[in-house]
$ cat target.txt   # compact mmCIF, C-alpha atoms and all ligand atoms
# COMPACT_ATOMS: atom_id res chain seq x y z
CA MET A 22 -4.87 62.45 132.79
CA VAL A 23 -4.61 66.09 131.76
CA PHE A 24 -3.11 66.60 128.32
CA TRP A 25 -4.54 70.02 127.70
CA LYS A 26 -3.63 72.81 130.04
CA ARG A 27 -4.69 76.40 130.53
CA LEU A 28 -8.26 75.78 129.47
CA PHE A 29 -10.85 77.47 131.57
CA ASN A 30 -9.37 78.10 134.98
CA ALA A 31 -6.83 80.56 133.67
CA PRO A 32 -7.72 84.06 132.46
CA GLU A 33 -8.83 84.14 128.84
CA THR A 34 -5.87 84.57 126.53
CA MET A 35 -6.46 85.73 122.99
CA THR A 36 -3.60 84.62 120.81
CA THR A 37 -2.98 85.29 117.16
CA ALA A 38 -1.89 82.15 115.40
CA GLU A 39 0.30 81.86 112.36
CA SER A 40 -2.71 82.18 110.12
CA PRO A 41 -4.87 85.30 110.38
CA SER A 42 -7.94 83.11 110.02
CA LEU A 43 -6.95 81.28 113.16
CA GLN A 44 -7.48 83.68 115.99
CA GLY A 45 -8.67 82.16 119.18
CA GLU A 46 -7.70 80.59 122.42
CA ILE A 47 -4.66 78.41 122.32
CA LEU A 48 -4.59 75.14 124.18
CA GLU A 49 -1.15 74.10 125.33
CA THR A 50 -0.34 70.46 125.24
CA SER A 51 1.93 68.61 127.58
CA LYS A 52 1.74 65.41 125.55
CA GLU A 53 5.16 64.61 124.12
CA ALA A 54 3.89 63.44 120.73
CA LEU A 55 1.94 66.63 120.19
CA ARG A 56 4.46 69.08 121.60
CA GLU A 57 5.32 70.34 118.13
CA SER A 58 1.70 71.14 117.40
CA ARG A 59 -0.61 73.85 118.66
CA ILE A 60 -4.32 73.53 119.19
CA PHE A 61 -6.63 76.50 118.67
CA PHE A 62 -10.27 77.31 119.05
CA SER A 63 -11.64 79.50 116.31
CA LEU A 64 -14.95 81.34 116.13
CA ASP A 65 -14.46 82.11 112.44
CA ARG A 66 -17.48 80.96 110.43
CA GLU A 67 -15.66 81.34 107.11
CA LEU A 68 -14.78 77.67 107.27
CA ASP A 69 -13.34 75.34 104.69
CA LEU A 70 -16.44 73.20 104.19
CA TYR A 71 -14.40 70.37 102.72
CA ALA A 72 -12.28 70.25 105.90
CA LEU A 73 -15.49 70.02 107.92
CA GLU A 74 -16.85 67.31 105.62
CA GLU A 75 -13.59 65.36 106.03
CA LEU A 76 -13.91 65.63 109.82
CA CYS A 77 -17.53 64.41 109.74
CA ASP A 78 -16.55 61.58 107.35
CA ALA A 79 -13.88 60.51 109.86
CA VAL A 80 -16.56 59.76 112.49
CA GLY A 81 -18.83 58.09 109.95
CA TRP A 82 -21.57 60.69 109.72
CA ALA A 83 -23.77 60.66 106.64
CA ARG A 84 -22.82 63.37 104.17
CA ARG A 85 -25.08 66.40 103.88
CA PRO A 86 -25.31 68.77 100.91
CA LEU A 87 -22.52 71.35 101.34
CA ARG A 88 -24.85 74.14 100.23
CA LYS A 89 -27.11 73.38 103.21
CA VAL A 90 -24.18 72.96 105.60
CA LYS A 91 -22.92 76.39 104.47
CA LYS A 92 -26.33 77.93 105.15
CA ALA A 93 -26.60 76.20 108.55
CA ILE A 94 -23.22 77.62 109.55
CA GLU A 95 -24.06 81.10 108.27
CA CYS A 96 -27.33 81.07 110.25
CA SER A 97 -25.86 79.63 113.45
CA PHE A 98 -25.49 81.83 116.49
CA LEU A 99 -22.12 80.40 117.41
CA VAL A 100 -19.65 78.34 115.38
CA VAL A 101 -16.65 76.82 117.14
CA SER A 102 -13.92 74.91 115.38
CA LEU A 103 -10.81 73.34 116.81
CA TRP A 104 -7.61 73.29 114.79
CA GLU A 105 -4.25 71.61 115.03
CA VAL A 106 -1.41 73.72 113.63
CA ARG A 107 1.79 71.85 112.90
CA GLY A 108 4.45 73.88 111.12
CA ASN A 109 2.58 75.66 108.34
CA ARG A 110 -0.11 72.98 108.13
CA LYS A 111 -3.46 73.39 109.80
CA ARG A 112 -6.11 70.76 110.23
CA MET A 113 -9.65 70.93 111.57
CA ILE A 114 -9.88 68.44 114.44
CA GLY A 115 -13.08 69.49 116.14
CA PHE A 116 -16.34 71.33 115.56
CA ALA A 117 -19.56 72.41 117.26
CA ARG A 118 -22.17 75.02 116.53
CA ALA A 119 -25.20 76.47 118.30
CA THR A 120 -28.44 77.99 117.11
CA SER A 121 -30.27 80.47 119.33
CA ASP A 122 -33.12 82.91 119.84
CA HIS A 123 -30.38 85.32 121.02
CA ALA A 124 -32.13 85.81 124.36
CA PHE A 125 -33.04 82.71 126.33
CA ASN A 126 -32.24 79.52 124.45
CA ALA A 127 -29.48 77.90 122.49
CA THR A 128 -29.16 74.41 121.06
CA ILE A 129 -25.80 72.80 120.35
CA TRP A 130 -25.38 70.79 117.14
CA ASP A 131 -22.77 68.80 115.20
CA VAL A 132 -20.34 68.12 118.05
CA VAL A 133 -17.36 66.21 116.74
CA ILE A 134 -13.71 65.49 117.56
CA HIS A 135 -11.52 63.71 115.02
CA PRO A 136 -10.95 60.07 116.11
CA SER A 137 -7.16 60.62 116.27
CA PHE A 138 -7.74 63.32 118.87
CA GLN A 139 -10.52 61.71 120.92
CA SER A 140 -10.13 60.70 124.58
CA LYS A 141 -7.67 63.53 125.24
CA GLY A 142 -10.12 65.93 126.87
CA LEU A 143 -10.75 67.95 123.72
CA GLY A 144 -14.46 67.13 123.44
CA LYS A 145 -14.94 68.30 127.01
CA ALA A 146 -12.90 71.45 126.27
CA LEU A 147 -14.99 72.11 123.14
CA ILE A 148 -18.30 71.87 125.01
CA LYS A 149 -17.06 73.91 127.97
CA TYR A 150 -15.81 76.59 125.58
CA THR A 151 -19.15 76.61 123.73
CA ILE A 152 -21.07 76.92 127.01
CA LYS A 153 -18.78 79.73 128.14
CA LYS A 154 -19.36 81.67 124.92
CA LEU A 155 -23.15 81.18 125.19
CA ARG A 156 -23.16 82.22 128.86
CA ASN A 157 -21.18 85.34 127.86
CA GLU A 158 -24.19 86.22 125.70
CA ASP A 159 -26.47 85.70 128.71
CA ILE A 160 -28.04 82.57 127.24
CA SER A 161 -29.22 80.44 130.16
CA ASN A 162 -31.08 77.52 128.58
CA ILE A 163 -28.64 75.35 126.64
CA THR A 164 -29.97 72.16 125.07
CA LEU A 165 -28.75 69.47 122.71
CA PHE A 166 -29.81 66.16 121.22
CA ALA A 167 -27.46 63.39 122.36
CA ASP A 168 -26.92 60.15 120.51
CA PRO A 169 -27.47 57.29 123.02
CA GLN A 170 -23.76 56.41 123.12
CA VAL A 171 -22.72 59.91 124.22
CA ILE A 172 -25.34 60.60 126.90
CA ASP A 173 -22.78 60.02 129.66
CA PHE A 174 -20.26 62.28 127.93
CA TYR A 175 -22.77 65.15 128.17
CA ARG A 176 -23.93 64.14 131.68
CA ARG A 177 -20.37 64.59 132.94
CA LEU A 178 -20.51 68.11 131.55
CA GLY A 179 -23.64 68.97 133.53
CA PHE A 180 -26.35 68.22 130.97
CA VAL A 181 -29.49 66.64 132.45
CA LEU A 182 -31.47 64.01 130.59
CA ASP A 183 -35.22 64.73 130.35
CA PRO A 184 -35.32 67.30 133.19
CA GLU A 185 -38.63 67.06 135.09
CA GLY A 186 -39.74 64.45 132.57
CA ILE A 187 -39.56 66.80 129.59
CA LYS A 188 -39.20 64.80 126.36
CA GLY A 189 -37.83 65.96 123.05
CA MET A 190 -40.36 65.49 120.24
CA PHE A 191 -39.59 65.37 116.55
CA TRP A 192 -41.68 65.77 113.44
CA TYR A 193 -40.38 64.22 110.21
CA PRO A 194 -41.96 64.47 106.76
CA SER A 195 -43.71 61.18 105.96
C1 LIG B 201 -18.37 62.46 121.74
C2 LIG B 201 -17.02 63.12 121.46
C3 LIG B 201 -17.23 64.55 120.98
C4 LIG B 201 -16.19 63.12 122.75
O1 LIG B 201 -14.97 63.77 122.51
P1 LIG B 201 -13.62 63.29 123.22
O2 LIG B 201 -12.58 64.31 122.91
O3 LIG B 201 -13.31 61.90 122.87
O4 LIG B 201 -14.06 63.35 124.76
P2 LIG B 201 -13.12 63.76 125.99
O5 LIG B 201 -11.80 63.09 125.85
O6 LIG B 201 -13.12 65.23 126.14
O7 LIG B 201 -13.93 63.11 127.20
C5 LIG B 201 -14.38 63.88 128.30
C6 LIG B 201 -14.97 62.92 129.32
O8 LIG B 201 -16.10 62.24 128.76
C7 LIG B 201 -15.87 60.83 128.75
N1 LIG B 201 -16.38 60.34 127.49
C8 LIG B 201 -15.92 60.57 126.26
N2 LIG B 201 -16.69 59.95 125.34
C9 LIG B 201 -17.65 59.31 126.04
C10 LIG B 201 -18.75 58.49 125.66
N3 LIG B 201 -19.03 58.20 124.39
N4 LIG B 201 -19.55 58.02 126.66
C11 LIG B 201 -19.30 58.30 127.95
N5 LIG B 201 -18.26 59.07 128.36
C12 LIG B 201 -17.46 59.56 127.42
C13 LIG B 201 -14.37 60.66 128.88
O9 LIG B 201 -14.04 59.43 129.48
C14 LIG B 201 -13.99 61.84 129.74
O10 LIG B 201 -14.27 61.55 131.11
P3 LIG B 201 -13.41 62.24 132.30
O11 LIG B 201 -13.68 63.72 132.23
O12 LIG B 201 -13.96 61.60 133.53
O13 LIG B 201 -11.98 61.90 132.02
C15 LIG B 201 -16.21 62.30 120.41
O14 LIG B 201 -16.06 60.98 120.88
C16 LIG B 201 -16.82 62.29 119.03
O15 LIG B 201 -16.57 63.19 118.23
N6 LIG B 201 -17.60 61.24 118.72
C17 LIG B 201 -18.16 61.05 117.38
C18 LIG B 201 -19.21 62.09 117.06
C19 LIG B 201 -20.34 62.11 118.08
O16 LIG B 201 -20.85 61.06 118.49
N7 LIG B 201 -20.73 63.34 118.46
C20 LIG B 201 -21.82 63.55 119.39
C21 LIG B 201 -23.12 63.64 118.63
S1 LIG B 201 -24.47 63.95 119.76
$ encode --input "target.txt" --output "structure tokens"
Amino acid sequence: MVFWKRLFNAPETMTTAESPSLQGEILETSKEALRESRIFFSLDRELDLYALEELCDAVGWARRPLRKVKKAIECSFLVVSLWEVRGNRKRMIGFARATSDHAFNATIWDVVIHPSFQSKGLGKALIKYTIKKLRNEDISNITLFADPQVIDFYRRLGFVLDPEGIKGMFWYPS
């Protein structure tokens, strides 16, 4: 079931969308119901934080202070958002970001696809796009923290759980 075409096997196409803030790779849909809409990746970190909050609300994530979210985005190495453009309306439908030491390592955070757009291959496209952008920067060690229910989602994308027995360890304030 391939709804989204021209993702990563075709040469990279940079397309300017209707909105100047939406410059990125366009995903073409073959799904009838979405034919009138266009889906874009954006690397713009000047995001509407309320749109991001709405997206995170939609998947039931606990709210975080917007001031801290803003700082986290500003300080991220890579910020990827996914937008649906329908007529002159645009809507954030996906998001991921990565922090990095700019040399060896990057960690992917806050991966989300709006429930109305899940199970259409967009989460996979988002992660593949993020990996491609990190590889372009010669980052070779890409990690993330997977919620238990999405381990298989990441496995399918090539992520390995606890490689060579390595365990993630966390420190929390008591
Ligand atoms: C996890 C999430 C990003 C997946 O996005 P999505 O657009 O629904 O996923 P896709 O349609 O691209 O699925 C890609 C593949 O992974 C599989 N998959 C999707 N979600 C899965 C899950 N939870 N567990 C196992 N496999 C899953 C799909 O069946 C598909 O398999 P295929 O390539 O063999 O067809 C999305 O469900 C989401 O935003 N969830 C809520 C937020 C969340 O949990 N984020 C992760 C925090 S670590």
$ residues_around --input "target.txt" --residues "stretch 103-119 of chain A" --least-positions-apart "6" --cutoff "6 Å" --atoms "only C-alpha atoms" --output "list in words"
Ser58, Arg59, Ile60, Phe61, Phe62, Ser97, Thr128, Ile129, Trp130, Asp131, Val132, Val133, Ile134 and His135 of chain A
$ closest_atom_pairs --input "target.txt" --of "chain A" --to "ligand LIG 201 (chain B)" --cutoff "12 Å" --atoms "only C-alpha atoms and all ligand atoms" --output "tab-separated table"
residue	atom	partner	partner_atom	distance
A:Met22	CA	B:LIG201	O13	7.2
A:Val23	CA	B:LIG201	O13	8.5
A:Phe24	CA	B:LIG201	O5	9.7
A:Trp25	CA	B:LIG201	O6	9.9
A:Leu76	CA	B:LIG201	O15	9.2
A:Cys77	CA	B:LIG201	C18	7.9
A:Asp78	CA	B:LIG201	C18	10.1
A:Ala79	CA	B:LIG201	C17	8.7
A:Val80	CA	B:LIG201	C17	5.3
A:Gly81	CA	B:LIG201	C17	8.0
A:Trp82	CA	B:LIG201	C18	7.8
A:Ala83	CA	B:LIG201	C18	11.5
A:Leu103	CA	B:LIG201	O2	11.0
A:Ile114	CA	B:LIG201	O15	9.3
A:Gly115	CA	B:LIG201	O15	7.5
A:Phe116	CA	B:LIG201	O15	8.6
A:Ala117	CA	B:LIG201	C3	9.0
A:Arg118	CA	B:LIG201	C21	11.6
A:Thr128	CA	B:LIG201	S1	11.5
A:Ile129	CA	B:LIG201	S1	9.0
A:Trp130	CA	B:LIG201	S1	7.4
A:Asp131	CA	B:LIG201	C21	6.2
A:Val132	CA	B:LIG201	N7	4.8
A:Val133	CA	B:LIG201	O15	3.5
A:Ile134	CA	B:LIG201	O15	3.7
A:His135	CA	B:LIG201	O15	6.0
A:Pro136	CA	B:LIG201	O15	6.8
A:Ser137	CA	B:LIG201	O3	9.1
A:Phe138	CA	B:LIG201	O2	6.4
A:Gln139	CA	B:LIG201	O3	3.4
A:Ser140	CA	B:LIG201	O5	3.2
A:Lys141	CA	B:LIG201	O5	4.2
A:Gly142	CA	B:LIG201	O6	3.2
A:Leu143	CA	B:LIG201	O2	4.2
A:Gly144	CA	B:LIG201	O2	3.4
A:Lys145	CA	B:LIG201	O6	3.7
A:Ala146	CA	B:LIG201	O6	6.2
A:Leu147	CA	B:LIG201	O6	7.7
A:Ile148	CA	B:LIG201	C3	8.4
A:Lys149	CA	B:LIG201	O6	9.7
A:Tyr150	CA	B:LIG201	O6	11.7
A:Thr164	CA	B:LIG201	S1	11.2
A:Leu165	CA	B:LIG201	S1	7.6
A:Phe166	CA	B:LIG201	S1	6.0
A:Ala167	CA	B:LIG201	S1	4.0
A:Asp168	CA	B:LIG201	S1	4.6
A:Pro169	CA	B:LIG201	S1	8.0
A:Gln170	CA	B:LIG201	N3	5.2
A:Val171	CA	B:LIG201	N3	4.1
A:Ile172	CA	B:LIG201	N4	6.3
A:Asp173	CA	B:LIG201	C11	4.2
A:Phe174	CA	B:LIG201	N5	3.8
A:Tyr175	CA	B:LIG201	O8	7.3
A:Arg176	CA	B:LIG201	N5	8.3
A:Arg177	CA	B:LIG201	O8	6.4
A:Leu178	CA	B:LIG201	O8	7.9
A:Gly179	CA	B:LIG201	O8	11.2
$ atom_distance --input "target.txt" --atom1 "atom CA of A:Ser63" --atom2 "atom CA of A:Lys92"
18.5 Å
$ atom_distance --input "target.txt" --atom1 "atom CA of A:Ile163" --atom2 "atom CA of A:Thr151"
10.0 Å
$ residues_around --input "target.txt" --residues "A:Leu87" --least-positions-apart "3" --cutoff "8 Å" --atoms "all atoms listed in the file" --output "list of chain:residue names"
A:Leu70, A:Val90, A:Lys91
$ axis_aligned_box --input "target.txt" --around "stretch 176-188 of chain A" --padding-each-side "4 Å" --output "AutoDock Vina command-line options"
--center_x -30.1 --center_y 66.5 --center_z 130.7 --size_x 27.4 --size_y 13.0 --size_z 16.7
$ atom_distance --input "target.txt" --atom1 "atom CA of A:Asn157" --atom2 "atom CA of A:Ser102"
17.8 Å
$ closest_residue --input "target.txt" --among "A:Asp183, A:Glu57, A:Glu158, A:Glu74" --to "A:Ala127" --atoms "only C-alpha atoms"
A:Glu158
$ closest_residue --input "target.txt" --among "A:Ser195, A:Ile187, A:Ser161, A:Ala93" --to "A:Leu68" --atoms "only C-alpha atoms"
A:Ala93
$ build_atoms --input "target.txt" --residues "stretch 82-101 of chain A" --atoms "N, CA, C and O atoms" --output "PDB file, in the coordinates of the input"
ATOM      1  N   TRP A  82     -20.265  60.041 109.901  1.00  0.00           N
ATOM      2  CA  TRP A  82     -21.570  60.690 109.720  1.00  0.00           C
ATOM      3  C   TRP A  82     -21.958  60.702 108.250  1.00  0.00           C
ATOM      4  O   TRP A  82     -21.102  60.826 107.367  1.00  0.00           O
ATOM      5  N   ALA A  83     -23.261  60.600 108.014  1.00  0.00           N
ATOM      6  CA  ALA A  83     -23.770  60.660 106.640  1.00  0.00           C
ATOM      7  C   ALA A  83     -23.495  62.051 106.073  1.00  0.00           C
ATOM      8  O   ALA A  83     -23.612  63.050 106.783  1.00  0.00           O
ATOM      9  N   ARG A  84     -23.108  62.072 104.801  1.00  0.00           N
ATOM     10  CA  ARG A  84     -22.820  63.370 104.170  1.00  0.00           C
ATOM     11  C   ARG A  84     -24.091  64.186 103.989  1.00  0.00           C
ATOM     12  O   ARG A  84     -25.164  63.635 103.730  1.00  0.00           O
ATOM     13  N   ARG A  85     -23.961  65.486 104.115  1.00  0.00           N
ATOM     14  CA  ARG A  85     -25.080  66.400 103.880  1.00  0.00           C
ATOM     15  C   ARG A  85     -24.685  67.339 102.752  1.00  0.00           C
ATOM     16  O   ARG A  85     -23.487  67.605 102.566  1.00  0.00           O
ATOM     17  N   PRO A  86     -25.668  67.872 102.014  1.00  0.00           N
ATOM     18  CA  PRO A  86     -25.310  68.770 100.910  1.00  0.00           C
ATOM     19  C   PRO A  86     -24.541  69.983 101.443  1.00  0.00           C
ATOM     20  O   PRO A  86     -24.988  70.638 102.395  1.00  0.00           O
ATOM     21  N   LEU A  87     -23.382  70.267 100.836  1.00  0.00           N
ATOM     22  CA  LEU A  87     -22.520  71.350 101.340  1.00  0.00           C
ATOM     23  C   LEU A  87     -23.225  72.711 101.309  1.00  0.00           C
ATOM     24  O   LEU A  87     -22.997  73.557 102.161  1.00  0.00           O
ATOM     25  N   ARG A  88     -24.107  72.873 100.337  1.00  0.00           N
ATOM     26  CA  ARG A  88     -24.850  74.140 100.230  1.00  0.00           C
ATOM     27  C   ARG A  88     -25.704  74.348 101.485  1.00  0.00           C
ATOM     28  O   ARG A  88     -25.824  75.465 101.998  1.00  0.00           O
ATOM     29  N   LYS A  89     -26.275  73.265 102.003  1.00  0.00           N
ATOM     30  CA  LYS A  89     -27.110  73.380 103.210  1.00  0.00           C
ATOM     31  C   LYS A  89     -26.239  73.521 104.467  1.00  0.00           C
ATOM     32  O   LYS A  89     -26.583  74.246 105.397  1.00  0.00           O
ATOM     33  N   VAL A  90     -25.108  72.828 104.466  1.00  0.00           N
ATOM     34  CA  VAL A  90     -24.180  72.960 105.600  1.00  0.00           C
ATOM     35  C   VAL A  90     -23.705  74.414 105.685  1.00  0.00           C
ATOM     36  O   VAL A  90     -23.651  75.016 106.769  1.00  0.00           O
ATOM     37  N   LYS A  91     -23.391  74.991 104.525  1.00  0.00           N
ATOM     38  CA  LYS A  91     -22.920  76.390 104.470  1.00  0.00           C
ATOM     39  C   LYS A  91     -23.979  77.314 105.062  1.00  0.00           C
ATOM     40  O   LYS A  91     -23.696  78.190 105.886  1.00  0.00           O
ATOM     41  N   LYS A  92     -25.235  77.088 104.661  1.00  0.00           N
ATOM     42  CA  LYS A  92     -26.330  77.930 105.150  1.00  0.00           C
ATOM     43  C   LYS A  92     -26.517  77.747 106.661  1.00  0.00           C
ATOM     44  O   LYS A  92     -26.722  78.717 107.409  1.00  0.00           O
ATOM     45  N   ALA A  93     -26.432  76.483 107.113  1.00  0.00           N
ATOM     46  CA  ALA A  93     -26.600  76.200 108.550  1.00  0.00           C
ATOM     47  C   ALA A  93     -25.530  76.930 109.355  1.00  0.00           C
ATOM     48  O   ALA A  93     -25.812  77.490 110.427  1.00  0.00           O
ATOM     49  N   ILE A  94     -24.318  76.943 108.841  1.00  0.00           N
ATOM     50  CA  ILE A  94     -23.220  77.620 109.550  1.00  0.00           C
ATOM     51  C   ILE A  94     -23.456  79.136 109.545  1.00  0.00           C
ATOM     52  O   ILE A  94     -23.327  79.798 110.576  1.00  0.00           O
ATOM     53  N   GLU A  95     -23.814  79.644 108.382  1.00  0.00           N
ATOM     54  CA  GLU A  95     -24.060  81.100 108.270  1.00  0.00           C
ATOM     55  C   GLU A  95     -25.154  81.540 109.257  1.00  0.00           C
ATOM     56  O   GLU A  95     -25.105  82.622 109.832  1.00  0.00           O
ATOM     57  N   CYS A  96     -26.166  80.691 109.427  1.00  0.00           N
ATOM     58  CA  CYS A  96     -27.330  81.070 110.250  1.00  0.00           C
ATOM     59  C   CYS A  96     -27.175  80.651 111.712  1.00  0.00           C
ATOM     60  O   CYS A  96     -28.081  80.895 112.508  1.00  0.00           O
ATOM     61  N   SER A  97     -26.069  80.023 112.059  1.00  0.00           N
ATOM     62  CA  SER A  97     -25.860  79.630 113.450  1.00  0.00           C
ATOM     63  C   SER A  97     -25.496  80.850 114.287  1.00  0.00           C
ATOM     64  O   SER A  97     -24.918  81.824 113.800  1.00  0.00           O
ATOM     65  N   PHE A  98     -25.806  80.762 115.543  1.00  0.00           N
ATOM     66  CA  PHE A  98     -25.490  81.830 116.490  1.00  0.00           C
ATOM     67  C   PHE A  98     -24.012  81.799 116.861  1.00  0.00           C
ATOM     68  O   PHE A  98     -23.367  82.837 117.032  1.00  0.00           O
ATOM     69  N   LEU A  99     -23.504  80.584 116.990  1.00  0.00           N
ATOM     70  CA  LEU A  99     -22.120  80.400 117.410  1.00  0.00           C
ATOM     71  C   LEU A  99     -21.529  79.227 116.633  1.00  0.00           C
ATOM     72  O   LEU A  99     -22.173  78.180 116.504  1.00  0.00           O
ATOM     73  N   VAL A 100     -20.335  79.417 116.111  1.00  0.00           N
ATOM     74  CA  VAL A 100     -19.650  78.340 115.380  1.00  0.00           C
ATOM     75  C   VAL A 100     -18.251  78.213 115.990  1.00  0.00           C
ATOM     76  O   VAL A 100     -17.497  79.178 116.018  1.00  0.00           O
ATOM     77  N   VAL A 101     -17.958  77.032 116.504  1.00  0.00           N
ATOM     78  CA  VAL A 101     -16.650  76.820 117.140  1.00  0.00           C
ATOM     79  C   VAL A 101     -15.926  75.697 116.401  1.00  0.00           C
ATOM     80  O   VAL A 101     -16.482  74.616 116.208  1.00  0.00           O
TER      81      VAL A 101
END
